[in-house]
Amino acid sequence: MPEARPVSPETRAIEEAVRAIPAGRVSTYGEVARAAGFPRGARRVVRVLHSRSSASSLPWHRVLAKGPRDGTARIALGGEGFDAQRALLVGEGVPVADDGTVDLLRFGK
């Protein structure tokens with residue numbers, strides 16, 4: 001059996017912040033970065049989620065890009081990834097518009 005790659009403290013902090021997002025809620029990459037202790041680390045969050053997407057216990061679908069308007073977030077993936085992320089969010093009760101945006105004000109953000 002191959003040995004698991006060691007996980008950096010940065011990756012671990014980001015994963016913990018993502019796991020803390022409850023079902024039916026969403027956060028932006030920037031919010032996750034701040035919660036993990038990296039106030040300007042949204043791109044770090046993107047890299048970690050992309051590289052660790054096979055970690056099945058990681059609710060990656062709850063993390064969205066900042067939306068086109070204040071108080072919104074959006075699905076940043078295209079094609080099948082968009083459809084999969086949207087289906088997972090809708091399945092958790094998150095209302096997602098046809099264009100992939102989510103009203104963050106609904107969640108008190």
# chains A, B, ... in the order shown; residues from 1 in each chain; ligands from 1

call {"tool": "select_by_dssp", "arguments": {"residues": "chain A", "states": "alpha helix (DSSP H)", "output": "MDAnalysis selection string"}}
result
chainID A and resid 9:19 29:35 42:51 79:91

call {"tool": "select_by_dssp", "arguments": {"residues": "chain A", "states": "strand (DSSP E)", "output": "list in words"}}
result
Ser27, Thr28, Val63, Leu64, Ala65, Lys66, Thr72, Ala73, Arg74, Thr101, Val102 and Asp103 of chain A

call {"tool": "write_last_selection", "arguments": {"atoms": "C-alpha atoms", "output": "mmCIF file, in the first residue's frame"}}
result
data_model
loop_
_atom_site.group_PDB
_atom_site.id
_atom_site.type_symbol
_atom_site.label_atom_id
_atom_site.label_comp_id
_atom_site.auth_asym_id
_atom_site.auth_seq_id
_atom_site.Cartn_x
_atom_site.Cartn_y
_atom_site.Cartn_z
ATOM 1 C CA SER A 27 -18.286 30.253 2.061
ATOM 2 C CA THR A 28 -16.056 32.045 -0.412
ATOM 3 C CA VAL A 63 -16.632 26.887 -1.298
ATOM 4 C CA LEU A 64 -17.451 29.441 -3.984
ATOM 5 C CA ALA A 65 -15.781 32.331 -5.731
ATOM 6 C CA LYS A 66 -16.734 35.894 -4.838
ATOM 7 C CA THR A 72 -23.119 37.125 -3.858
ATOM 8 C CA ALA A 73 -20.879 34.154 -4.527
ATOM 9 C CA ARG A 74 -20.667 31.985 -7.613
ATOM 10 C CA THR A 101 -24.743 32.599 -8.145
ATOM 11 C CA VAL A 102 -25.742 32.290 -4.509
ATOM 12 C CA ASP A 103 -27.174 35.117 -2.427
#

call {"tool": "atom_distance", "arguments": {"atom1": "atom CA of A:Val7", "atom2": "atom CA of A:Tyr29"}}
result
19.5 Å

call {"tool": "residues_around", "arguments": {"residues": "A:Arg44", "least_positions_apart": "2", "cutoff": "12 Å", "atoms": "only C-alpha atoms", "output": "list in words"}}
result
Glu10, Thr11, Arg12, Ala13, Ile14, Glu15, Tyr29, Gly30, Glu31, Val32, Ala33, Arg34, Ala36, Gly37, Phe38, Pro39, Arg40, Gly41, Ala42, Val46, Arg47, Val48, Leu49, His50, Ser51 and Arg52 of chain A

call {"tool": "atom_distance", "arguments": {"atom1": "atom CA of A:Pro59", "atom2": "atom CA of A:Arg19"}}
result
6.3 Å

call {"tool": "closest_residue", "arguments": {"among": "A:Glu16, A:Pro6, A:Gly100, A:Leu105", "to": "A:Gly79", "atoms": "only C-alpha atoms"}}
result
A:Gly100

call {"tool": "atom_distance", "arguments": {"atom1": "atom CA of A:Gly78", "atom2": "atom CA of A:Gly108"}}
result
27.1 Å

call {"tool": "decode", "arguments": {"residues": "stretch 63-88 of chain A", "atoms": "N, CA and C atoms", "output": "PDB file, in the first residue's frame"}}
result
ATOM      1  N   VAL A  63     -17.526  25.737  -1.158  1.00  0.00           N
ATOM      2  CA  VAL A  63     -16.632  26.887  -1.298  1.00  0.00           C
ATOM      3  C   VAL A  63     -16.808  27.469  -2.700  1.00  0.00           C
ATOM      4  N   LEU A  64     -17.139  28.761  -2.731  1.00  0.00           N
ATOM      5  CA  LEU A  64     -17.451  29.441  -3.984  1.00  0.00           C
ATOM      6  C   LEU A  64     -16.555  30.649  -4.190  1.00  0.00           C
ATOM      7  N   ALA A  65     -16.507  31.098  -5.411  1.00  0.00           N
ATOM      8  CA  ALA A  65     -15.781  32.331  -5.731  1.00  0.00           C
ATOM      9  C   ALA A  65     -16.639  33.532  -5.332  1.00  0.00           C
ATOM     10  N   LYS A  66     -15.994  34.664  -5.094  1.00  0.00           N
ATOM     11  CA  LYS A  66     -16.734  35.894  -4.838  1.00  0.00           C
ATOM     12  C   LYS A  66     -17.574  36.200  -6.066  1.00  0.00           C
ATOM     13  N   GLY A  67     -18.815  36.613  -5.833  1.00  0.00           N
ATOM     14  CA  GLY A  67     -19.745  36.838  -6.931  1.00  0.00           C
ATOM     15  C   GLY A  67     -19.545  38.147  -7.654  1.00  0.00           C
ATOM     16  N   PRO A  68     -20.294  38.316  -8.727  1.00  0.00           N
ATOM     17  CA  PRO A  68     -20.176  39.525  -9.539  1.00  0.00           C
ATOM     18  C   PRO A  68     -20.766  40.767  -8.868  1.00  0.00           C
ATOM     19  N   ARG A  69     -21.600  40.554  -7.872  1.00  0.00           N
ATOM     20  CA  ARG A  69     -22.205  41.675  -7.133  1.00  0.00           C
ATOM     21  C   ARG A  69     -21.930  41.485  -5.642  1.00  0.00           C
ATOM     22  N   ASP A  70     -21.907  42.579  -4.907  1.00  0.00           N
ATOM     23  CA  ASP A  70     -21.743  42.479  -3.458  1.00  0.00           C
ATOM     24  C   ASP A  70     -22.817  41.574  -2.887  1.00  0.00           C
ATOM     25  N   GLY A  71     -22.428  40.771  -1.929  1.00  0.00           N
ATOM     26  CA  GLY A  71     -23.385  39.890  -1.279  1.00  0.00           C
ATOM     27  C   GLY A  71     -23.710  38.635  -2.061  1.00  0.00           C
ATOM     28  N   THR A  72     -22.908  38.348  -3.090  1.00  0.00           N
ATOM     29  CA  THR A  72     -23.119  37.125  -3.858  1.00  0.00           C
ATOM     30  C   THR A  72     -21.826  36.322  -3.956  1.00  0.00           C
ATOM     31  N   ALA A  73     -21.995  35.045  -4.225  1.00  0.00           N
ATOM     32  CA  ALA A  73     -20.879  34.154  -4.527  1.00  0.00           C
ATOM     33  C   ALA A  73     -21.295  33.368  -5.757  1.00  0.00           C
ATOM     34  N   ARG A  74     -20.322  32.719  -6.403  1.00  0.00           N
ATOM     35  CA  ARG A  74     -20.667  31.985  -7.613  1.00  0.00           C
ATOM     36  C   ARG A  74     -19.824  30.726  -7.756  1.00  0.00           C
ATOM     37  N   ILE A  75     -20.384  29.775  -8.452  1.00  0.00           N
ATOM     38  CA  ILE A  75     -19.651  28.566  -8.806  1.00  0.00           C
ATOM     39  C   ILE A  75     -18.614  28.954  -9.843  1.00  0.00           C
ATOM     40  N   ALA A  76     -17.364  28.601  -9.600  1.00  0.00           N
ATOM     41  CA  ALA A  76     -16.286  29.014 -10.497  1.00  0.00           C
ATOM     42  C   ALA A  76     -15.949  27.960 -11.546  1.00  0.00           C
ATOM     43  N   LEU A  77     -16.537  26.793 -11.430  1.00  0.00           N
ATOM     44  CA  LEU A  77     -16.245  25.719 -12.371  1.00  0.00           C
ATOM     45  C   LEU A  77     -17.113  25.837 -13.615  1.00  0.00           C
ATOM     46  N   GLY A  78     -16.692  25.196 -14.681  1.00  0.00           N
ATOM     47  CA  GLY A  78     -17.479  25.167 -15.899  1.00  0.00           C
ATOM     48  C   GLY A  78     -17.874  23.736 -16.246  1.00  0.00           C
ATOM     49  N   GLY A  79     -18.765  23.586 -17.193  1.00  0.00           N
ATOM     50  CA  GLY A  79     -19.149  22.280 -17.712  1.00  0.00           C
ATOM     51  C   GLY A  79     -19.687  21.332 -16.662  1.00  0.00           C
ATOM     52  N   GLU A  80     -19.181  20.110 -16.687  1.00  0.00           N
ATOM     53  CA  GLU A  80     -19.647  19.078 -15.762  1.00  0.00           C
ATOM     54  C   GLU A  80     -19.354  19.444 -14.314  1.00  0.00           C
ATOM     55  N   GLY A  81     -18.249  20.141 -14.068  1.00  0.00           N
ATOM     56  CA  GLY A  81     -17.919  20.563 -12.708  1.00  0.00           C
ATOM     57  C   GLY A  81     -18.974  21.514 -12.158  1.00  0.00           C
ATOM     58  N   PHE A  82     -19.439  22.433 -13.009  1.00  0.00           N
ATOM     59  CA  PHE A  82     -20.506  23.364 -12.627  1.00  0.00           C
ATOM     60  C   PHE A  82     -21.761  22.582 -12.245  1.00  0.00           C
ATOM     61  N   ASP A  83     -22.144  21.652 -13.116  1.00  0.00           N
ATOM     62  CA  ASP A  83     -23.357  20.870 -12.877  1.00  0.00           C
ATOM     63  C   ASP A  83     -23.246  20.047 -11.594  1.00  0.00           C
ATOM     64  N   ALA A  84     -22.085  19.437 -11.360  1.00  0.00           N
ATOM     65  CA  ALA A  84     -21.899  18.611 -10.165  1.00  0.00           C
ATOM     66  C   ALA A  84     -21.955  19.462  -8.902  1.00  0.00           C
ATOM     67  N   GLN A  85     -21.261  20.603  -8.914  1.00  0.00           N
ATOM     68  CA  GLN A  85     -21.247  21.462  -7.733  1.00  0.00           C
ATOM     69  C   GLN A  85     -22.642  22.018  -7.469  1.00  0.00           C
ATOM     70  N   ARG A  86     -23.318  22.437  -8.506  1.00  0.00           N
ATOM     71  CA  ARG A  86     -24.674  22.971  -8.343  1.00  0.00           C
ATOM     72  C   ARG A  86     -25.601  21.903  -7.768  1.00  0.00           C
ATOM     73  N   ALA A  87     -25.522  20.680  -8.282  1.00  0.00           N
ATOM     74  CA  ALA A  87     -26.380  19.597  -7.796  1.00  0.00           C
ATOM     75  C   ALA A  87     -26.112  19.297  -6.326  1.00  0.00           C
ATOM     76  N   LEU A  88     -24.855  19.287  -5.925  1.00  0.00           N
ATOM     77  CA  LEU A  88     -24.521  19.033  -4.517  1.00  0.00           C
ATOM     78  C   LEU A  88     -25.074  20.131  -3.617  1.00  0.00           C
TER      79      LEU A  88
END
